[in-house]
>>> print(open('work27.cif').read())   # mmCIF, C-alpha atoms
data_input
loop_
_atom_site.label_atom_id
_atom_site.label_comp_id
_atom_site.auth_asym_id
_atom_site.auth_seq_id
_atom_site.Cartn_x
_atom_site.Cartn_y
_atom_site.Cartn_z
CA MET G 19 39.64 1.62 -13.32
CA SER G 20 41.55 -1.28 -11.71
CA ASP G 21 40.71 -4.84 -12.68
CA ARG G 22 39.28 -5.48 -9.20
CA ALA G 23 37.12 -2.36 -9.26
CA SER G 24 35.86 -3.39 -12.69
CA GLU G 25 34.98 -6.85 -11.39
CA VAL G 26 33.06 -5.34 -8.48
CA GLU G 27 31.16 -3.01 -10.82
CA GLN G 28 30.15 -5.89 -13.11
CA LEU G 29 28.94 -7.95 -10.14
CA MET G 30 26.92 -5.20 -8.45
CA PRO G 31 23.60 -5.62 -10.35
CA GLU G 32 23.42 -9.23 -9.19
CA VAL G 33 24.53 -8.31 -5.67
CA LEU G 34 21.74 -5.75 -5.36
CA ASP G 35 19.13 -8.14 -6.75
CA ARG G 36 20.15 -10.66 -4.13
CA LEU G 37 19.95 -7.97 -1.44
CA ARG G 38 16.42 -7.06 -2.50
CA GLY G 39 15.41 -10.72 -2.29
CA LEU G 40 16.78 -11.02 1.24
CA VAL G 41 15.01 -7.85 2.39
CA ARG G 42 11.68 -9.40 1.37
CA ILE G 43 12.03 -12.05 4.09
CA PRO G 44 10.77 -10.61 7.43
CA SER G 45 13.32 -12.41 9.58
CA VAL G 46 12.44 -10.90 12.97
CA ALA G 47 13.75 -13.27 15.64
CA PHE G 48 12.14 -11.49 18.59
CA PRO G 49 9.98 -13.63 20.92
CA GLY G 50 6.36 -13.60 19.82
CA PHE G 51 7.11 -13.19 16.11
CA ASP G 52 6.47 -15.89 13.53
CA PRO G 53 9.57 -18.14 13.46
CA GLU G 54 8.90 -19.39 9.91
CA PRO G 55 10.45 -16.38 8.11
CA VAL G 56 13.53 -16.62 10.33
CA HIS G 57 14.08 -20.25 9.36
CA ARG G 58 13.34 -19.37 5.73
CA MET G 59 15.98 -16.66 5.92
CA GLY G 60 18.53 -19.11 7.29
CA GLU G 61 17.92 -21.38 4.31
CA ALA G 62 18.16 -18.41 1.95
CA VAL G 63 21.57 -17.53 3.38
CA VAL G 64 22.78 -21.09 2.85
CA GLU G 65 21.64 -20.85 -0.77
CA LEU G 66 23.30 -17.44 -1.12
CA PHE G 67 26.71 -18.73 -0.13
CA GLN G 68 26.31 -21.93 -2.10
CA ALA G 69 25.85 -19.70 -5.13
CA ALA G 70 29.09 -17.97 -4.16
CA GLY G 71 30.97 -21.27 -4.26
CA ALA G 72 30.80 -22.29 -0.60
CA THR G 73 29.82 -25.90 -1.27
CA GLU G 74 30.16 -26.99 2.37
CA VAL G 75 27.93 -24.29 3.86
CA SER G 76 25.20 -25.50 6.24
CA LEU G 77 22.94 -24.59 9.13
CA LEU G 78 24.17 -25.46 12.62
CA ASP G 79 21.73 -25.90 15.49
CA VAL G 80 22.36 -23.37 18.26
CA PRO G 81 20.99 -24.66 21.59
CA GLY G 82 18.05 -22.55 22.71
CA GLY G 83 18.10 -20.29 19.66
CA TYR G 84 17.86 -20.00 15.91
CA PRO G 85 20.47 -21.83 13.81
CA CYS G 86 23.61 -20.15 12.52
CA VAL G 87 24.99 -20.50 9.00
CA TYR G 88 28.51 -21.91 8.91
CA ALA G 89 31.16 -22.88 6.40
CA ASP G 90 34.85 -23.76 6.59
CA LEU G 91 36.44 -23.18 3.19
CA PRO G 92 40.01 -24.48 2.78
CA GLY G 93 42.89 -22.41 1.50
CA PRO G 94 46.56 -23.13 0.79
CA GLU G 95 48.29 -25.22 3.44
CA GLY G 96 49.65 -23.08 6.25
CA SER G 97 47.66 -20.02 5.22
CA PRO G 98 45.90 -17.88 7.85
CA THR G 99 42.20 -18.18 8.64
CA VAL G 100 39.78 -15.28 8.20
CA LEU G 101 36.25 -15.62 9.60
CA LEU G 102 33.53 -13.49 7.99
CA TYR G 103 30.58 -12.65 10.28
CA ALA G 104 27.16 -11.10 9.67
CA HIS G 105 23.62 -11.72 10.93
CA TYR G 106 20.44 -12.60 9.08
CA ASP G 107 17.83 -11.51 11.63
CA VAL G 108 16.40 -7.99 11.66
CA GLN G 109 14.67 -5.55 13.96
CA PRO G 110 10.85 -5.37 13.95
CA ALA G 111 9.32 -2.67 11.73
CA PRO G 112 6.03 -1.64 13.37
CA ALA G 113 3.74 0.85 11.67
CA SER G 114 4.15 3.10 14.72
CA GLN G 115 7.70 3.90 13.54
CA GLY G 116 6.23 5.89 10.65
CA TRP G 117 7.64 4.13 7.59
CA SER G 118 7.31 5.89 4.22
CA THR G 119 7.54 2.54 2.42
CA THR G 120 6.47 -1.04 3.07
CA PRO G 121 9.33 -2.27 5.31
CA PHE G 122 9.78 -5.70 3.76
CA GLU G 123 9.35 -4.64 0.16
CA PRO G 124 12.63 -3.11 -1.04
CA VAL G 125 12.32 0.27 -2.72
CA ASP G 126 14.92 1.97 -4.90
CA GLY G 127 14.83 5.59 -3.80
CA GLU G 128 15.35 8.62 -5.99
CA ASP G 129 18.52 9.27 -3.99
CA GLY G 130 19.96 5.96 -5.19
CA ARG G 131 19.62 4.21 -1.85
CA ILE G 132 17.75 0.92 -1.33
CA TYR G 133 15.09 1.17 1.39
CA GLY G 134 13.73 -1.67 3.52
CA ARG G 135 14.13 -3.28 6.91
CA GLY G 136 17.48 -5.05 7.03
CA ALA G 137 18.75 -3.45 3.81
CA ALA G 138 21.63 -2.06 5.85
CA ASP G 139 21.50 -3.99 9.15
CA ASP G 140 22.68 -6.52 8.30
CA LYS G 141 21.69 -7.95 4.95
CA SER G 142 24.19 -5.58 3.38
CA GLY G 143 26.82 -7.53 5.30
CA LEU G 144 25.54 -10.77 3.82
CA VAL G 145 25.90 -9.60 0.23
CA ILE G 146 29.32 -8.08 0.95
CA HIS G 147 30.46 -11.51 2.07
CA TYR G 148 28.74 -13.14 -0.91
CA ALA G 149 30.54 -10.91 -3.37
CA THR G 150 33.84 -11.35 -1.55
CA LEU G 151 33.66 -15.11 -2.05
CA ARG G 152 32.59 -14.69 -5.66
CA LEU G 153 35.57 -12.46 -6.45
CA LEU G 154 38.12 -14.56 -4.58
CA GLY G 155 36.95 -17.66 -6.45
CA ALA G 156 37.80 -21.28 -5.78
CA ASP G 157 41.52 -20.49 -5.53
CA ARG G 158 41.02 -18.34 -2.45
CA PRO G 159 44.33 -17.19 -0.92
CA CYS G 160 43.61 -18.37 2.62
CA ARG G 161 41.22 -20.44 4.67
CA ILE G 162 37.89 -18.67 5.10
CA LYS G 163 35.17 -19.43 7.62
CA LEU G 164 31.63 -18.08 7.45
CA LEU G 165 29.48 -17.44 10.51
CA VAL G 166 26.05 -15.86 10.11
CA GLU G 167 23.91 -15.43 13.19
CA GLY G 168 20.13 -15.69 13.40
CA GLU G 169 19.39 -13.72 16.57
CA GLU G 170 21.86 -10.86 16.93
CA GLU G 171 19.05 -8.33 17.35
CA THR G 172 17.48 -10.16 20.28
CA ILE G 173 18.87 -12.21 23.17
CA SER G 174 21.52 -14.26 21.41
CA HIS G 175 22.45 -17.85 22.20
CA LEU G 176 25.40 -17.86 19.82
CA GLU G 177 28.01 -16.61 22.30
CA ASP G 178 27.74 -19.72 24.48
CA PHE G 179 27.78 -21.94 21.39
CA VAL G 180 30.95 -20.32 20.07
CA GLU G 181 32.69 -20.51 23.43
CA ALA G 182 31.72 -24.19 23.74
CA ASN G 183 33.21 -24.93 20.29
CA PRO G 184 36.39 -22.83 20.09
CA GLU G 185 38.16 -24.99 17.51
CA ARG G 186 35.31 -24.66 15.03
CA PHE G 187 35.27 -20.86 15.17
CA ALA G 188 38.92 -19.96 15.83
CA ALA G 189 40.59 -17.65 13.30
CA ASP G 190 43.52 -15.29 12.85
CA ALA G 191 41.22 -12.42 11.91
CA PHE G 192 37.49 -11.88 12.36
CA VAL G 193 35.70 -9.56 9.95
CA ILE G 194 32.45 -8.20 11.39
CA ALA G 195 30.45 -6.60 8.56
CA ASP G 196 27.77 -5.03 10.75
CA ILE G 197 28.63 -1.36 11.13
CA GLY G 198 29.86 1.52 8.95
CA GLY G 199 31.46 4.93 8.62
CA GLN G 200 29.98 8.31 9.44
CA VAL G 201 28.94 9.23 5.90
CA VAL G 202 28.91 7.53 2.51
CA GLY G 203 32.25 7.77 0.75
CA ARG G 204 34.24 8.46 3.92
CA PRO G 205 35.95 5.31 5.23
CA GLY G 206 35.68 4.55 8.92
CA LEU G 207 37.17 1.66 10.88
CA THR G 208 35.44 1.12 14.21
CA THR G 209 38.03 0.74 16.95
CA ALA G 210 35.79 0.70 20.03
CA LEU G 211 32.32 -0.55 20.93
CA ARG G 212 30.36 0.42 23.99
CA GLY G 213 28.87 -2.59 25.73
CA ASP G 214 25.17 -3.02 26.50
CA VAL G 215 23.84 -4.23 29.83
CA ALA G 216 20.13 -4.45 30.59
CA CYS G 217 17.75 -5.10 33.45
CA THR G 218 14.12 -4.67 34.44
CA VAL G 219 12.89 -2.75 37.47
CA THR G 220 9.46 -3.37 38.98
CA VAL G 221 7.87 -0.93 41.42
CA ARG G 222 4.91 -1.93 43.65
CA THR G 223 2.93 0.36 45.93
CA LEU G 224 -0.60 -1.09 46.23
CA ALA G 225 -2.22 -4.51 46.44
CA PHE G 226 -4.62 -3.65 43.59
CA PRO G 227 -5.76 -0.60 41.56
CA VAL G 228 -7.84 1.94 43.48
CA HIS G 229 -9.86 5.05 42.55
CA SER G 230 -7.56 8.07 42.12
CA GLY G 231 -10.21 10.46 43.42
CA LEU G 232 -11.03 8.52 46.57
CA PHE G 233 -7.47 7.57 47.50
CA GLY G 234 -5.10 9.82 45.51
CA GLY G 235 -3.10 12.31 47.59
CA ALA G 236 -2.03 9.86 50.27
CA ALA G 237 -1.75 6.48 48.58
CA PRO G 238 1.24 6.50 46.18
CA ASP G 239 0.80 5.00 42.73
CA ALA G 240 3.55 2.94 41.19
CA MET G 241 3.93 5.14 38.10
CA THR G 242 4.77 8.20 40.18
CA ALA G 243 7.28 6.20 42.18
CA MET G 244 8.82 4.86 38.96
CA ILE G 245 9.23 8.39 37.59
CA ARG G 246 11.07 9.42 40.75
CA ILE G 247 13.40 6.42 40.46
CA LEU G 248 14.18 6.92 36.79
CA ASP G 249 14.90 10.60 37.36
CA THR G 250 17.89 9.65 39.55
CA LEU G 251 19.74 8.07 36.60
CA HIS G 252 20.78 11.43 35.07
CA ASP G 253 22.00 14.74 36.45
CA GLU G 254 20.68 18.14 35.36
CA ALA G 255 23.01 18.17 32.32
CA GLY G 256 21.78 14.74 31.21
CA ASP G 257 24.93 12.80 32.10
CA THR G 258 24.39 9.28 33.45
CA VAL G 259 25.44 9.50 37.10
CA ILE G 260 25.54 6.17 38.91
CA ALA G 261 28.07 5.24 41.59
CA GLY G 262 30.45 2.56 40.31
CA VAL G 263 29.67 3.13 36.61
CA ASP G 264 32.80 3.98 34.62
CA THR G 265 33.26 6.92 32.29
CA SER G 266 36.02 7.87 29.84
CA ARG G 267 37.10 10.18 26.97
CA TRP G 268 37.39 9.63 23.21
CA ASP G 269 40.80 10.22 21.61
CA GLY G 270 40.13 9.09 18.01
CA ALA G 271 38.43 10.88 15.13
CA ALA G 272 35.61 13.23 16.07
CA MET G 273 31.94 12.60 15.43
CA GLU G 274 30.82 15.29 13.00
CA GLU G 275 28.01 17.29 14.58
CA GLY G 276 26.01 17.71 11.36
CA VAL G 277 26.14 13.98 10.69
CA TYR G 278 25.06 13.21 14.23
CA ARG G 279 22.24 15.73 14.30
CA ASP G 280 20.82 14.52 11.00
CA GLY G 281 21.19 10.84 11.88
CA SER G 282 19.77 11.16 15.39
CA ALA G 283 16.71 13.13 14.23
CA ILE G 284 16.95 15.62 17.10
CA LEU G 285 14.26 18.27 16.67
CA PRO G 286 15.27 21.88 16.03
CA GLY G 287 15.89 23.69 19.32
CA VAL G 288 16.22 20.50 21.39
CA ASP G 289 19.49 20.39 23.35
CA TYR G 290 22.00 17.55 23.51
CA LEU G 291 22.28 15.50 26.66
CA GLY G 292 25.44 15.43 28.76
CA THR G 293 28.79 17.16 28.84
CA GLY G 294 32.13 16.74 27.11
CA SER G 295 32.71 16.40 23.38
CA LEU G 296 30.05 14.83 21.20
CA SER G 297 32.40 11.88 20.61
CA ASP G 298 32.86 11.46 24.37
CA ARG G 299 29.13 11.34 24.93
CA ILE G 300 28.29 8.71 22.31
CA TRP G 301 31.46 6.58 22.24
CA ALA G 302 33.21 6.88 25.62
CA LYS G 303 30.66 7.68 28.33
CA PRO G 304 27.86 5.56 29.83
CA SER G 305 24.28 6.14 28.72
CA VAL G 306 21.07 4.79 30.28
CA THR G 307 17.90 4.47 28.20
CA VAL G 308 14.41 3.41 29.27
CA LEU G 309 13.47 1.00 26.49
CA GLY G 310 9.90 0.25 27.51
CA MET G 311 7.39 0.24 30.29
CA ASP G 312 4.37 -1.86 31.19
CA LEU G 313 1.54 0.53 31.97
CA PRO G 314 -1.79 1.57 30.44
CA SER G 315 -1.77 3.52 27.20
CA VAL G 316 -3.48 6.89 27.00
CA ALA G 317 -6.42 5.25 25.24
CA GLU G 318 -6.74 2.70 28.06
CA ALA G 319 -6.18 5.13 30.93
CA SER G 320 -8.78 5.34 33.71
CA ASN G 321 -9.00 7.14 37.03
CA VAL G 322 -7.01 4.64 39.08
CA LEU G 323 -3.75 4.57 40.96
CA LEU G 324 -1.47 1.91 39.47
CA PRO G 325 -0.36 -0.81 41.87
CA GLU G 326 2.65 -2.03 39.84
CA VAL G 327 4.81 -0.80 36.95
CA THR G 328 7.77 -2.49 35.24
CA ALA G 329 10.39 -0.78 33.08
CA LYS G 330 13.21 -2.21 30.98
CA LEU G 331 16.48 -0.31 31.04
CA SER G 332 19.54 -0.54 28.80
CA MET G 333 22.87 1.00 29.73
CA ARG G 334 25.68 1.47 27.23
CA ILE G 335 29.01 1.01 29.00
CA VAL G 336 32.40 2.37 28.07
CA PRO G 337 35.16 0.41 26.27
CA GLY G 338 37.47 -1.22 28.78
CA SER G 339 34.86 -1.58 31.51
CA ASP G 340 33.67 -4.82 33.13
CA ALA G 341 30.12 -5.52 31.98
CA ASP G 342 29.13 -7.60 35.00
CA ALA G 343 30.37 -4.95 37.41
CA GLN G 344 28.66 -2.16 35.47
CA LEU G 345 25.32 -3.99 35.45
CA GLU G 346 25.58 -4.69 39.17
CA ALA G 347 26.26 -0.99 39.83
CA LEU G 348 23.12 -0.06 37.87
CA MET G 349 21.01 -2.67 39.63
CA ALA G 350 22.32 -1.66 43.06
CA HIS G 351 21.47 1.95 42.33
CA LEU G 352 17.92 1.04 41.34
CA ARG G 353 17.39 -1.15 44.41
CA ALA G 354 18.48 1.74 46.64
CA GLN G 355 15.77 4.05 45.25
CA ARG G 356 12.62 3.52 47.29
CA PRO G 357 10.41 6.62 47.28
CA TRP G 358 7.72 6.35 49.97
CA ASN G 359 9.21 2.93 50.90
CA CYS G 360 7.77 1.34 47.77
CA GLU G 361 8.77 -2.21 46.86
CA VAL G 362 11.50 -2.35 44.21
CA GLU G 363 12.54 -5.53 42.39
CA VAL G 364 15.43 -5.49 39.90
CA THR G 365 16.16 -8.39 37.53
CA LYS G 366 19.10 -8.93 35.19
CA VAL G 367 18.29 -9.25 31.48
CA LYS G 368 21.74 -9.45 29.84
CA THR G 369 25.33 -8.30 29.75
CA GLY G 370 27.00 -7.32 26.49
CA HIS G 371 30.70 -6.60 26.84
CA ALA G 372 32.47 -3.49 25.57
CA PHE G 373 35.44 -3.82 23.22
CA ALA G 374 38.50 -1.88 22.07
CA VAL G 375 40.71 -2.68 19.04
CA ASP G 376 44.49 -2.90 19.12
CA GLU G 377 45.25 -0.59 16.19
CA THR G 378 48.86 -1.80 15.99
CA HIS G 379 47.82 -5.35 15.05
CA PRO G 380 49.15 -6.13 11.53
CA ALA G 381 45.69 -7.20 10.36
CA ILE G 382 44.16 -3.92 11.57
CA VAL G 383 46.86 -2.02 9.68
CA ALA G 384 46.01 -4.13 6.60
CA ALA G 385 42.31 -3.32 7.07
CA LYS G 386 43.01 0.41 7.13
CA ASP G 387 45.16 0.11 4.01
CA ALA G 388 42.38 -1.81 2.24
CA LEU G 389 39.80 0.82 3.17
CA ALA G 390 42.03 3.67 2.07
CA SER G 391 42.59 1.98 -1.28
CA ALA G 392 38.91 1.19 -1.88
CA TYR G 393 37.71 4.67 -0.92
CA GLY G 394 40.65 6.74 -2.10
CA ALA G 395 40.55 8.64 1.19
CA GLU G 396 42.14 8.72 4.63
CA VAL G 397 40.59 6.28 7.11
CA GLU G 398 38.99 7.54 10.33
CA SER G 399 39.29 5.58 13.57
CA ILE G 400 35.80 5.91 14.99
CA GLY G 401 33.83 4.48 17.87
CA SER G 402 30.34 3.10 18.12
CA GLY G 403 27.79 3.50 20.83
CA ALA G 404 26.29 0.19 19.72
CA SER G 405 27.45 -3.25 20.78
CA ILE G 406 27.99 -6.50 18.88
CA PRO G 407 27.55 -9.22 21.50
CA LEU G 408 29.59 -11.92 19.77
CA VAL G 409 32.81 -9.88 19.69
CA ALA G 410 33.66 -10.66 23.32
CA SER G 411 33.24 -14.40 22.70
CA LEU G 412 35.42 -14.30 19.59
CA LYS G 413 38.12 -12.48 21.53
CA LYS G 414 37.88 -15.11 24.26
CA ILE G 415 38.44 -18.07 21.93
CA ALA G 416 41.18 -16.35 19.90
CA PRO G 417 42.77 -13.65 22.07
CA ASP G 418 45.56 -12.87 19.60
CA ALA G 419 43.26 -12.47 16.58
CA ALA G 420 42.37 -9.14 15.02
CA ILE G 421 38.73 -8.07 14.97
CA VAL G 422 37.86 -5.85 11.99
CA LEU G 423 34.65 -3.87 12.45
CA TRP G 424 33.28 -2.29 9.26
CA GLY G 425 30.40 -2.36 6.79
CA ALA G 426 27.95 -0.31 4.73
CA GLU G 427 25.76 1.08 7.55
CA ASP G 428 26.57 4.80 7.40
CA THR G 429 25.63 6.83 10.47
CA ALA G 430 24.18 9.75 8.53
CA LYS G 431 21.39 8.07 6.59
CA ALA G 432 21.15 4.31 7.17
CA ARG G 433 18.63 4.71 10.03
CA ILE G 434 19.18 1.19 11.33
CA HIS G 435 16.53 0.03 13.84
CA ALA G 436 14.35 2.98 12.77
CA SER G 437 11.85 3.79 10.03
CA ASP G 438 13.01 4.05 6.41
CA GLU G 439 16.20 2.05 6.93
CA SER G 440 18.36 2.15 3.82
CA VAL G 441 21.77 1.43 2.31
CA ASP G 442 23.81 3.11 -0.42
CA PRO G 443 24.84 0.61 -3.13
CA ALA G 444 28.09 2.52 -3.71
CA GLU G 445 29.03 1.86 -0.10
CA ILE G 446 28.42 -1.87 -0.58
CA ALA G 447 30.66 -1.81 -3.66
CA ARG G 448 33.48 -0.05 -1.81
CA MET G 449 33.25 -2.48 1.09
CA ILE G 450 33.39 -5.48 -1.26
CA ALA G 451 36.58 -4.09 -2.79
CA ALA G 452 38.05 -3.36 0.64
CA GLN G 453 37.22 -6.79 2.01
CA VAL G 454 38.74 -8.64 -0.94
CA ALA G 455 41.89 -6.52 -0.73
CA PHE G 456 42.11 -7.12 3.03
CA ILE G 457 41.93 -10.90 2.68
CA GLU G 458 44.50 -10.90 -0.09
CA GLU G 459 46.85 -8.72 1.98
CA VAL G 460 46.49 -10.89 5.11
CA ALA G 461 47.27 -14.00 3.05
CA SER G 462 50.19 -12.32 1.26
CA SER G 463 51.75 -11.08 4.50
CA ALA G 464 51.62 -14.59 5.97
CA ARG G 465 53.53 -15.95 2.95
CA ALA G 466 56.23 -13.25 3.15
#
>>> encode(input="work27.cif", output="structure tokens")
Amino acid sequence: MSDRASEVEQLMPEVLDRLRGLVRIPSVAFPGFDPEPVHRMGEAVVELFQAAGATEVSLLDVPGGYPCVYADLPGPEGSPTVLLYAHYDVQPAPASQGWSTTPFEPVDGEDGRIYGRGAADDKSGLVIHYATLRLLGADRPCRIKLLVEGEEETISHLEDFVEANPERFAADAFVIADIGGQVVGRPGLTTALRGDVACTVTVRTLAFPVHSGLFGGAAPDAMTAMIRILDTLHDEAGDTVIAGVDTSRWDGAAMEEGVYRDGSAILPGVDYLGTGSLSDRIWAKPSVTVLGMDLPSVAEASNVLLPEVTAKLSMRIVPGSDADAQLEALMAHLRAQRPWNCEVEVTKVKTGHAFAVDETHPAIVAAKDALASAYGAEVESIGSGASIPLVASLKKIAPDAAIVLWGAEDTAKARIHASDESVDPAEIARMIAAQVAFIEEVASSARA
């Protein structure tokens, strides 16, 4: 065992204890949730990095949003700057998701994984950064900045803050520890992110609810009209088909079907959506999802025609596409759908830009080398159907910087955003080793 691997192994019991402590804080930053745990989590992250030796770490106010955690740790004069990013907020964990455990009480599973909301996404990223600083020590080989966001899972205000303060956040390489490989033990470097644009559509047909028996059959209800509109977003194969929305193909490593089927929880006998390779469909083609709808529940249903229904839609857009143009194409399509001349109102919610990595960048090459060394295996270049909103802002303030996308959130079993979210401690250990090696290599190459 190498000296570095031995150091990681010795540190892991403390790292996992700290992870369990962070999972216990229900830091859901969604509107309507208690803000106290979110602020408590921010303070806990400051304390975490202070314990790692980041004496100058602090909370920065982000206008309109929750504070971010920030530190600027000096290195040798003339050395490069590496910024380490993660987020401390988490997704909600409602009982309706069907959790087997209490979401905010970490559980060590018989399979060796640690279960709990945020255990993977993204409190694993926090402890990876913590351990990285611990192992580098006070004589770190380069300047390191820390940036930990408090509202990545909801509508973030951090992008505008970063773009308004480019000097504070500029770096030669950005390490985003908020993703992972396909399966535990198989290293993956994410080289493309689909973007995420969203809007709401409201359909109105009546001035007020009316009796479905007395008036149904001639008076259209808003729910039926909404169904007709939403049905136009996909063709018979399930591909998203909207004029002006870009599509593409995936040329990197393939998504393994068994991994995808297990991770996506598709029921036996249920077909996939769309056409093309599995990798094309989840990493390189657009995908529209109806996230929610305002309408009566089954328990509340009565014999009335609905006068108004609102739905929220999210569309994943392909790497290389223009987010604003893609959202406008979606909104224009929705406005053009007016079954029975119903009223249709479409409102923008957000644009999250897509991203593609330049794999020839020296820091990206160094990242692959570090992963290969830590895992003892060949590195896959993979995509992600998810988006990380801040990436576009970081690229804007430092266009020549490398953006390294990795972490401990394996596709097969982590179940981020879903019930029984979990992380494999061995994956955290490998990522700590890889991240330390990466920083040391970036600093060494700059001195050469």
>>> residues_around(input="work27.cif", residues="Asp214 (chain G)", least_positions_apart="5", cutoff="6 Å", atoms="all atoms listed in the file", output="JSON list (two decimals) with C-alpha atoms, in the frame of the given file")
[["chain", "number", "residue", "atom", "x", "y", "z"],
["G", 333, "MET", "CA", 22.87, 1.00, 29.73],
["G", 334, "ARG", "CA", 25.68, 1.47, 27.23],
["G", 370, "GLY", "CA", 27.00, -7.32, 26.49]]
>>> resolve_selection(input="work27.cif", expression="the PyMOL selection byres ((chain G and resi 237-249) around 7)", output="number ranges by chain")
G: 221-223, 233-236, 250-252, 323-327, 355, 357
>>> closest_residue(input="work27.cif", among="G:Lys431, G:Arg158, G:Arg204, G:Arg58", to="Glu398 (chain G)", atoms="only C-alpha atoms")
G:Arg204
>>> resolve_selection(input="work27.cif", expression="the PyMOL selection byres ((chain G and resi 280) around 12)", output="ChimeraX atom specification")
/G:200-201,274-279,281-286,428-433
>>> resolve_selection(input="work27.cif", expression="the PyMOL selection byres ((chain G and resi 384) around 9)", output="ChimeraX atom specification")
/G:379-383,385-389,455-457,459-460
>>> closest_residue(input="work27.cif", among="G:Leu144, G:Val397, G:Ala216, G:Val316", to="Gly270 (chain G)", atoms="all atoms listed in the file")
G:Val397
>>> residues_around(input="work27.cif", residues="region 81-85 of chain G", least_positions_apart="2", cutoff="10 Å", atoms="all atoms listed in the file", output="PyMOL selection string")
chain G and resi 47+53+56-57+60-61+76-79+87-88+107+166-169+173-176+178-179
>>> residues_around(input="work27.cif", residues="Asp139 (chain G)", least_positions_apart="4", cutoff="9 Å", atoms="all atoms listed in the file", output="list of chain:residue names")
G:His105, G:Tyr106, G:Asp107, G:Val108, G:Gln109, G:Arg135, G:Gly143, G:Asp196, G:Ile197, G:Ala426, G:Glu427, G:Ala432, G:Ile434, G:His435, G:Glu439, G:Ser440, G:Val441
>>> residues_around(input="work27.cif", residues="Val409 (chain G)", least_positions_apart="2", cutoff="9 Å", atoms="only C-alpha atoms", output="list in words")
Glu177, Phe192, Ile194, His371, Ala372, Phe373, Ser405, Ile406, Pro407, Ser411, Leu412, Lys413, Lys414 and Ile421 of chain G
>>> closest_residue(input="work27.cif", among="G:Ala137, G:Val180, G:Ala195, G:Val26", to="Pro44 (chain G)", atoms="all atoms listed in the file")
G:Ala137
>>> atom_distance(input="work27.cif", atom1="CA of Ala341 (chain G)", atom2="CA of Ile415 (chain G)")
18.1 Å
>>> atom_distance(input="work27.cif", atom1="CA of Val364 (chain G)", atom2="CA of Pro337 (chain G)")
24.7 Å
>>> build_atoms(input="work27.cif", residues="region 201-214 of chain G", atoms="N, CA and C atoms", output="PDB file, in the frame of the given file")
ATOM      1  N   VAL G 201      29.707   8.855   7.081  1.00  0.00           N
ATOM      2  CA  VAL G 201      28.940   9.230   5.900  1.00  0.00           C
ATOM      3  C   VAL G 201      29.408   8.391   4.714  1.00  0.00           C
ATOM      4  N   VAL G 202      28.563   8.276   3.717  1.00  0.00           N
ATOM      5  CA  VAL G 202      28.910   7.530   2.510  1.00  0.00           C
ATOM      6  C   VAL G 202      30.131   8.166   1.848  1.00  0.00           C
ATOM      7  N   GLY G 203      31.065   7.300   1.440  1.00  0.00           N
ATOM      8  CA  GLY G 203      32.250   7.770   0.750  1.00  0.00           C
ATOM      9  C   GLY G 203      33.397   8.169   1.658  1.00  0.00           C
ATOM     10  N   ARG G 204      33.186   8.115   2.963  1.00  0.00           N
ATOM     11  CA  ARG G 204      34.240   8.460   3.920  1.00  0.00           C
ATOM     12  C   ARG G 204      34.537   7.236   4.768  1.00  0.00           C
ATOM     13  N   PRO G 205      35.699   6.599   4.574  1.00  0.00           N
ATOM     14  CA  PRO G 205      35.950   5.310   5.230  1.00  0.00           C
ATOM     15  C   PRO G 205      36.162   5.452   6.728  1.00  0.00           C
ATOM     16  N   GLY G 206      35.518   4.577   7.465  1.00  0.00           N
ATOM     17  CA  GLY G 206      35.680   4.550   8.920  1.00  0.00           C
ATOM     18  C   GLY G 206      35.907   3.137   9.397  1.00  0.00           C
ATOM     19  N   LEU G 207      36.927   2.942  10.225  1.00  0.00           N
ATOM     20  CA  LEU G 207      37.170   1.660  10.880  1.00  0.00           C
ATOM     21  C   LEU G 207      36.810   1.817  12.343  1.00  0.00           C
ATOM     22  N   THR G 208      35.878   1.021  12.821  1.00  0.00           N
ATOM     23  CA  THR G 208      35.440   1.120  14.210  1.00  0.00           C
ATOM     24  C   THR G 208      36.476   0.468  15.120  1.00  0.00           C
ATOM     25  N   THR G 209      36.976   1.236  16.075  1.00  0.00           N
ATOM     26  CA  THR G 209      38.030   0.740  16.950  1.00  0.00           C
ATOM     27  C   THR G 209      37.566   0.571  18.401  1.00  0.00           C
ATOM     28  N   ALA G 210      36.317   0.890  18.682  1.00  0.00           N
ATOM     29  CA  ALA G 210      35.790   0.700  20.030  1.00  0.00           C
ATOM     30  C   ALA G 210      34.282   0.552  19.982  1.00  0.00           C
ATOM     31  N   LEU G 211      33.762  -0.345  20.798  1.00  0.00           N
ATOM     32  CA  LEU G 211      32.320  -0.550  20.930  1.00  0.00           C
ATOM     33  C   LEU G 211      31.940  -0.361  22.394  1.00  0.00           C
ATOM     34  N   ARG G 212      30.919   0.441  22.638  1.00  0.00           N
ATOM     35  CA  ARG G 212      30.360   0.420  23.990  1.00  0.00           C
ATOM     36  C   ARG G 212      29.629  -0.906  24.193  1.00  0.00           C
ATOM     37  N   GLY G 213      29.635  -1.400  25.408  1.00  0.00           N
ATOM     38  CA  GLY G 213      28.870  -2.590  25.730  1.00  0.00           C
ATOM     39  C   GLY G 213      27.428  -2.236  26.032  1.00  0.00           C
ATOM     40  N   ASP G 214      26.601  -3.239  26.248  1.00  0.00           N
ATOM     41  CA  ASP G 214      25.170  -3.020  26.500  1.00  0.00           C
ATOM     42  C   ASP G 214      24.725  -3.976  27.584  1.00  0.00           C
TER      43      ASP G 214
END
